[in-house]
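Okay, start36.cif is below, mmCIF, C-alpha atoms and all ligand atoms:
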```cif
data_query
loop_
_atom_site.label_atom_id
_atom_site.label_comp_id
_atom_site.auth_asym_id
_atom_site.auth_seq_id
_atom_site.Cartn_x
_atom_site.Cartn_y
_atom_site.Cartn_z
CA MET L 1310 -56.24 -17.72 -245.33
CA ASP L 1311 -53.10 -15.89 -244.27
CA VAL L 1312 -52.59 -12.16 -244.68
CA ARG L 1313 -48.86 -11.51 -244.77
CA PHE L 1314 -47.55 -7.94 -244.57
CA LEU L 1315 -44.55 -7.46 -246.84
CA GLY L 1316 -43.92 -3.80 -245.96
CA HIS L 1317 -45.41 -0.39 -246.85
CA SER L 1318 -48.67 -1.19 -248.71
CA CYS L 1319 -47.71 -4.65 -249.97
CA PHE L 1320 -49.63 -7.70 -248.76
CA GLU L 1321 -49.78 -11.34 -249.75
CA LEU L 1322 -53.05 -13.28 -249.29
CA SER L 1323 -52.50 -17.01 -249.43
CA ASP L 1324 -54.26 -20.28 -248.66
CA GLY L 1325 -51.23 -22.39 -249.60
CA ASP L 1326 -52.42 -22.95 -253.19
CA THR L 1327 -53.33 -19.46 -254.36
CA THR L 1328 -51.28 -16.35 -253.64
CA VAL L 1329 -52.77 -12.92 -254.27
CA LEU L 1330 -50.09 -10.23 -254.20
CA ILE L 1331 -51.15 -6.60 -253.68
CA ASP L 1332 -49.07 -3.49 -254.51
CA PRO L 1333 -45.68 -5.26 -254.79
CA PHE L 1334 -43.28 -2.41 -254.00
CA LEU L 1335 -40.23 -4.36 -252.78
CA THR L 1336 -37.16 -3.06 -254.65
CA GLY L 1337 -36.23 0.27 -253.04
CA ASN L 1338 -38.63 -0.27 -250.14
CA PRO L 1339 -36.55 0.06 -246.94
CA LYS L 1340 -39.14 -2.02 -245.04
CA ALA L 1341 -39.59 -4.82 -247.61
CA ALA L 1342 -39.72 -8.23 -245.95
CA ILE L 1343 -38.61 -10.09 -249.10
CA GLY L 1344 -36.94 -9.33 -252.41
CA ALA L 1345 -38.93 -9.10 -255.63
CA GLU L 1346 -37.22 -12.28 -256.86
CA ASP L 1347 -38.74 -14.22 -253.92
CA ALA L 1348 -42.32 -12.95 -254.32
CA ALA L 1349 -44.94 -15.56 -255.20
CA ALA L 1350 -48.08 -14.62 -257.10
CA THR L 1351 -51.05 -16.37 -258.67
CA THR L 1352 -52.67 -12.97 -259.28
CA ILE L 1353 -51.34 -9.43 -258.76
CA LEU L 1354 -53.69 -6.59 -257.74
CA LEU L 1355 -52.82 -2.89 -257.93
CA THR L 1356 -54.52 0.03 -256.19
CA HIS L 1357 -52.82 2.69 -258.35
CA GLY L 1358 -49.78 3.58 -260.41
CA HIS L 1359 -47.57 5.42 -257.91
CA GLY L 1360 -44.15 3.82 -257.66
CA ASP L 1361 -44.60 2.82 -254.01
CA HIS L 1362 -47.50 0.56 -255.10
CA TYR L 1363 -46.75 -0.45 -258.69
CA GLY L 1364 -43.17 -1.30 -257.66
CA ASP L 1365 -41.95 -4.62 -259.08
CA THR L 1366 -45.19 -5.53 -260.85
CA VAL L 1367 -43.66 -6.04 -264.30
CA ALA L 1368 -40.77 -8.23 -263.12
CA ILE L 1369 -42.93 -10.39 -260.83
CA ALA L 1370 -45.71 -10.80 -263.40
CA LYS L 1371 -43.20 -11.78 -266.11
CA ARG L 1372 -41.48 -14.32 -263.85
CA THR L 1373 -44.65 -15.88 -262.40
CA GLY L 1374 -47.04 -15.43 -265.34
CA ALA L 1375 -49.59 -14.00 -262.87
CA PRO L 1376 -52.33 -11.84 -264.42
CA VAL L 1377 -52.50 -8.26 -263.15
CA VAL L 1378 -55.70 -6.41 -262.20
CA ALA L 1379 -55.48 -2.62 -262.35
CA ILE L 1380 -57.72 0.29 -263.28
CA VAL L 1381 -58.11 0.64 -267.02
CA GLU L 1382 -55.40 3.18 -268.01
CA LEU L 1383 -52.81 1.50 -265.79
CA ALA L 1384 -53.82 -1.96 -267.03
CA HIS L 1385 -53.48 -0.92 -270.67
CA GLU L 1386 -49.98 0.40 -270.06
CA LEU L 1387 -49.03 -2.90 -268.39
CA GLY L 1388 -50.55 -4.75 -271.35
CA GLU L 1389 -48.05 -2.92 -273.58
CA GLU L 1390 -45.30 -4.57 -271.50
CA GLY L 1391 -46.68 -7.93 -272.59
CA LEU L 1392 -48.43 -8.75 -269.31
CA ASP L 1393 -51.76 -10.55 -269.01
CA VAL L 1394 -54.03 -7.80 -267.67
CA HIS L 1395 -57.60 -7.25 -266.49
CA ASP L 1396 -58.78 -3.66 -266.81
CA PRO L 1397 -61.86 -2.87 -264.68
CA ASN L 1398 -62.88 0.64 -263.72
CA LEU L 1399 -64.45 1.76 -260.44
CA GLY L 1400 -67.42 -0.46 -259.57
CA GLY L 1401 -66.16 -3.27 -261.79
CA THR L 1402 -65.50 -6.81 -260.55
CA VAL L 1403 -63.05 -9.33 -261.98
CA LYS L 1404 -63.67 -13.00 -261.13
CA PHE L 1405 -61.08 -15.74 -260.70
CA ASP L 1406 -61.33 -19.36 -259.60
CA TRP L 1407 -60.05 -18.26 -256.14
CA GLY L 1408 -62.60 -15.43 -255.75
CA SER L 1409 -62.93 -11.90 -257.06
CA VAL L 1410 -61.79 -8.31 -256.79
CA LYS L 1411 -63.88 -5.15 -257.11
CA LEU L 1412 -62.50 -1.65 -257.58
CA VAL L 1413 -63.97 0.94 -255.21
CA PRO L 1414 -63.20 4.66 -254.84
CA ALA L 1415 -60.13 6.06 -253.10
CA TRP L 1416 -59.53 9.80 -252.71
CA HIS L 1417 -55.95 10.35 -253.85
CA THR L 1418 -54.08 11.24 -257.05
CA SER L 1419 -52.26 8.96 -259.41
CA THR L 1420 -50.36 8.66 -262.63
CA THR L 1421 -49.34 5.59 -264.56
CA PRO L 1422 -45.58 4.88 -264.61
CA LYS L 1423 -45.43 6.56 -268.07
CA GLY L 1424 -47.09 9.68 -266.65
CA THR L 1425 -50.74 9.44 -267.68
CA VAL L 1426 -52.93 10.94 -264.99
CA ASN L 1427 -55.49 8.40 -263.81
CA THR L 1428 -57.75 7.56 -260.91
CA PRO L 1429 -56.64 5.44 -257.95
CA ALA L 1430 -58.78 2.72 -256.36
CA GLY L 1431 -59.42 0.63 -253.29
CA LEU L 1432 -59.82 -3.14 -253.66
CA VAL L 1433 -62.56 -5.35 -252.21
CA ILE L 1434 -61.23 -8.88 -252.45
CA HIS L 1435 -63.27 -12.04 -251.91
CA PHE L 1436 -60.75 -14.81 -251.24
CA GLY L 1437 -62.74 -17.98 -250.56
CA ASP L 1438 -65.08 -16.98 -247.72
CA THR L 1439 -62.94 -14.09 -246.50
CA VAL L 1440 -63.48 -10.47 -247.55
CA VAL L 1441 -60.48 -8.15 -247.51
CA TYR L 1442 -60.70 -4.42 -248.22
CA HIS L 1443 -57.37 -2.82 -249.19
CA LEU L 1444 -58.09 0.91 -249.02
CA GLY L 1445 -55.19 1.89 -251.28
CA ASP L 1446 -53.96 5.43 -250.67
CA THR L 1447 -56.82 7.64 -249.56
CA CYS L 1448 -58.10 10.25 -247.17
CA VAL L 1449 -61.14 9.35 -245.10
CA PHE L 1450 -64.49 9.78 -246.89
CA SER L 1451 -68.02 8.98 -245.78
CA ASP L 1452 -68.77 6.52 -248.60
CA MET L 1453 -66.34 4.09 -246.97
CA ALA L 1454 -69.42 3.10 -244.98
CA ARG L 1455 -71.03 1.79 -248.19
CA VAL L 1456 -68.17 -0.55 -249.01
CA GLY L 1457 -68.92 -2.97 -246.20
CA LYS L 1458 -72.68 -2.47 -246.11
CA ARG L 1459 -73.78 -5.46 -248.21
CA THR L 1460 -70.64 -7.52 -247.75
CA PRO L 1461 -69.22 -7.25 -244.25
CA ILE L 1462 -65.46 -6.76 -244.29
CA ASP L 1463 -63.35 -9.32 -242.43
CA VAL L 1464 -60.02 -7.55 -242.79
CA ALA L 1465 -59.35 -3.91 -243.71
CA LEU L 1466 -55.80 -3.07 -244.83
CA MET L 1467 -55.63 0.61 -243.93
CA CYS L 1468 -53.13 3.40 -244.60
CA ILE L 1469 -52.41 5.43 -241.44
CA GLY L 1470 -49.14 7.28 -242.09
CA GLY L 1471 -50.48 10.75 -242.96
CA HIS L 1472 -48.90 13.23 -245.38
CA TYR L 1473 -49.73 11.25 -248.57
CA THR L 1474 -52.84 9.60 -247.10
CA MET L 1475 -55.09 9.94 -244.05
CA ASP L 1476 -53.25 10.01 -240.74
CA ARG L 1477 -53.87 7.70 -237.79
CA SER L 1478 -56.54 10.02 -236.31
CA ASP L 1479 -58.63 10.17 -239.49
CA ALA L 1480 -58.03 6.44 -239.89
CA VAL L 1481 -59.93 5.88 -236.62
CA ASP L 1482 -62.95 7.46 -238.37
CA ALA L 1483 -62.30 5.23 -241.39
CA ALA L 1484 -62.26 2.15 -239.15
CA GLU L 1485 -65.56 3.27 -237.62
CA LEU L 1486 -67.15 3.76 -241.07
CA ILE L 1487 -65.96 0.41 -242.42
CA GLY L 1488 -66.69 -1.75 -239.38
CA ALA L 1489 -64.25 -4.52 -240.26
CA LYS L 1490 -63.65 -7.39 -237.82
CA THR L 1491 -59.92 -6.78 -238.08
CA VAL L 1492 -57.94 -3.72 -239.16
CA ILE L 1493 -54.30 -4.05 -240.19
CA PRO L 1494 -52.48 -0.71 -240.54
CA CYS L 1495 -50.04 -0.03 -243.38
CA HIS L 1496 -48.37 2.80 -245.33
CA TYR L 1497 -46.50 4.16 -242.30
CA ASN L 1498 -42.89 4.27 -241.03
CA THR L 1499 -41.49 3.45 -244.48
CA PHE L 1500 -40.13 7.00 -244.94
CA PRO L 1501 -39.79 9.95 -242.50
CA PRO L 1502 -42.90 11.90 -243.69
CA ILE L 1503 -45.19 8.97 -242.85
CA GLU L 1504 -43.86 8.04 -239.42
CA THR L 1505 -46.63 7.38 -236.93
CA ASP L 1506 -47.51 5.39 -233.82
CA ALA L 1507 -49.37 2.20 -234.83
CA GLU L 1508 -49.90 1.13 -231.21
CA ALA L 1509 -51.66 4.45 -230.47
CA PHE L 1510 -53.83 3.84 -233.56
CA LYS L 1511 -54.64 0.38 -232.21
CA SER L 1512 -55.74 1.64 -228.80
CA ASP L 1513 -57.76 4.53 -230.33
CA VAL L 1514 -59.61 2.21 -232.74
CA GLU L 1515 -60.23 -0.45 -230.11
CA SER L 1516 -61.71 2.08 -227.68
CA ALA L 1517 -63.87 3.82 -230.36
CA THR L 1518 -65.07 0.82 -232.42
CA ARG L 1519 -65.70 -2.93 -232.28
CA SER L 1520 -62.81 -3.65 -234.66
CA ASP L 1521 -59.65 -5.37 -233.51
CA VAL L 1522 -56.38 -3.91 -234.75
CA VAL L 1523 -53.52 -6.25 -235.59
CA VAL L 1524 -50.19 -4.46 -235.99
CA LEU L 1525 -47.88 -6.55 -238.17
CA GLU L 1526 -44.16 -6.07 -238.61
CA PRO L 1527 -43.01 -6.62 -242.21
CA GLY L 1528 -42.86 -10.38 -242.76
CA GLU L 1529 -45.51 -11.20 -240.12
CA SER L 1530 -48.86 -12.82 -240.92
CA HIS L 1531 -52.39 -12.74 -239.59
CA SER L 1532 -54.67 -15.75 -240.02
CA ALA L 1533 -58.14 -14.65 -241.20
NI NI R 1601 -50.08 7.00 -253.92
MN MN R 1602 -48.48 5.44 -251.53
#
```

Step by step, read the file and then write its structure as structure tokens.
Amino acid sequence: MDVRFLGHSCFELSDGDTTVLIDPFLTGNPKAAIGAEDAAATTILLTHGHGDHYGDTVAIAKRTGAPVVAIVELAHELGEEGLDVHDPNLGGTVKFDWGSVKLVPAWHTSTTPKGTVNTPAGLVIHFGDTVVYHLGDTCVFSDMARVGKRTPIDVALMCIGGHYTMDRSDAVDAAELIGAKTVIPCHYNTFPPIETDAEAFKSDVESATRSDVVVLEPGESHSA
């Protein structure tokens, strides 16, 4: 399975047949690797309703017919747009023929695009035999250690940019708590407030933990 970084918090998981697209913010994203019109999706997963995550969800879902998984209030709003939605809440799992996704906590704020305040989430994705944890936007919190306790995490997609989320120093603690085989940083260098040094994050994590850090430029992939 390939994990392709499309810029900011957007990733594509693909085995060649199935493409899972996460947080497709492409239009207006200065680091987007592709345009929304070129995004493929079998299923779309959202961590929360902020514009830098929700992004092009409606256009891509309408064009591809991909169902969208989002926390209940956000999912219901997307359902009003005529999309095929799944509406779990925290702790809930949605199953597909390619695997499953479970919503786990993330400490952040969120509103839906229409302005309803709702709770953000992280995503634990089982894609075939590979487990991917997209943290969403969050600060570090000790219950991150629970996420990978029963199901070891192969790849953690981790915000490190600071200001709106944890910074690269707190993200070292997050990497330690999660214990993933591989950590891929995201949500940095898209805008000035979230500029940070991903290579310094890599060396700090690799000296403090057993995780490997793979720094991807937008458009690059990691094989997991
Ligand atoms: Ni956010
Ligand atoms: Mn964000």

At most 7 Å is the cut-off: for each residue in chain L with any atom that close to an atom of ligand NI 1601 (chain R), write down the nearest atom pair and the distance in Å rounded to one decimal, counting all atoms listed in the file, chain first then increasing number, as CSV.
```
residue,atom,partner,partner_atom,distance
L:His1357,CA,R:NI1601,NI,6.8
L:His1359,CA,R:NI1601,NI,5.0
L:Asp1361,CA,R:NI1601,NI,6.9
L:His1417,CA,R:NI1601,NI,6.8
L:Thr1418,CA,R:NI1601,NI,6.6
L:Ser1419,CA,R:NI1601,NI,6.2
L:Asp1446,CA,R:NI1601,NI,5.3
L:Tyr1473,CA,R:NI1601,NI,6.8
```

Expected residue set, 7 Å radius at (-54.2, -9.0, -262.2), all atoms listed in the file, as a count of residues only: 10

Shell of 10 Å around ligand MN 1602 (chain R) (all atoms listed in the file), written as number ranges by chain: L: 1317-1318, 1332, 1334, 1356-1363, 1417-1419, 1445-1447, 1468, 1470, 1472-1474, 1495-1497, 1503

Contacts of region 1514-1524 of chain L at 12 Å (all atoms listed in the file; same-chain gap of 5+ positions) as a VMD selection string: chain L and resid 1312 to 1314 1316 1462 to 1467 1469 1477 to 1497 1506 to 1509 1529 to 1533

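Rounded to one decimal, CA of Ser1409 (chain L) and CA of Asp1365 (chain L) lie 22.3 Å from each other.
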
Protein, DNA and RNA residues within 12 Å of (-64.5, -7.0, -263.0), only C-alpha atoms, as an MDAnalysis selection string: chainID L and resid 1378:1381 1394:1405 1408:1413 1432:1434

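In terms of minimum interatomic distance to Thr1499 (chain L), L:Glu1526 ranks closest within L:Glu1386, L:Asp1513, L:Glu1526, L:Asp1324, counting only C-alpha atoms.
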
Coordinates-based distance that separates CA of Thr1373 (chain L) from CA of Asp1326 (chain L) (Å, one decimal): 14.0 Å

Point-to-point distance in Å for CA of Lys1423 (chain L) and CA of Ala1341 (chain L): 24.1 Å

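Each of L:Met1310, L:Met1453, L:Gly1374, L:His1443 was compared to Leu1322 (chain L) using all atoms listed in the file, and L:Met1310 turns out to be the nearest.
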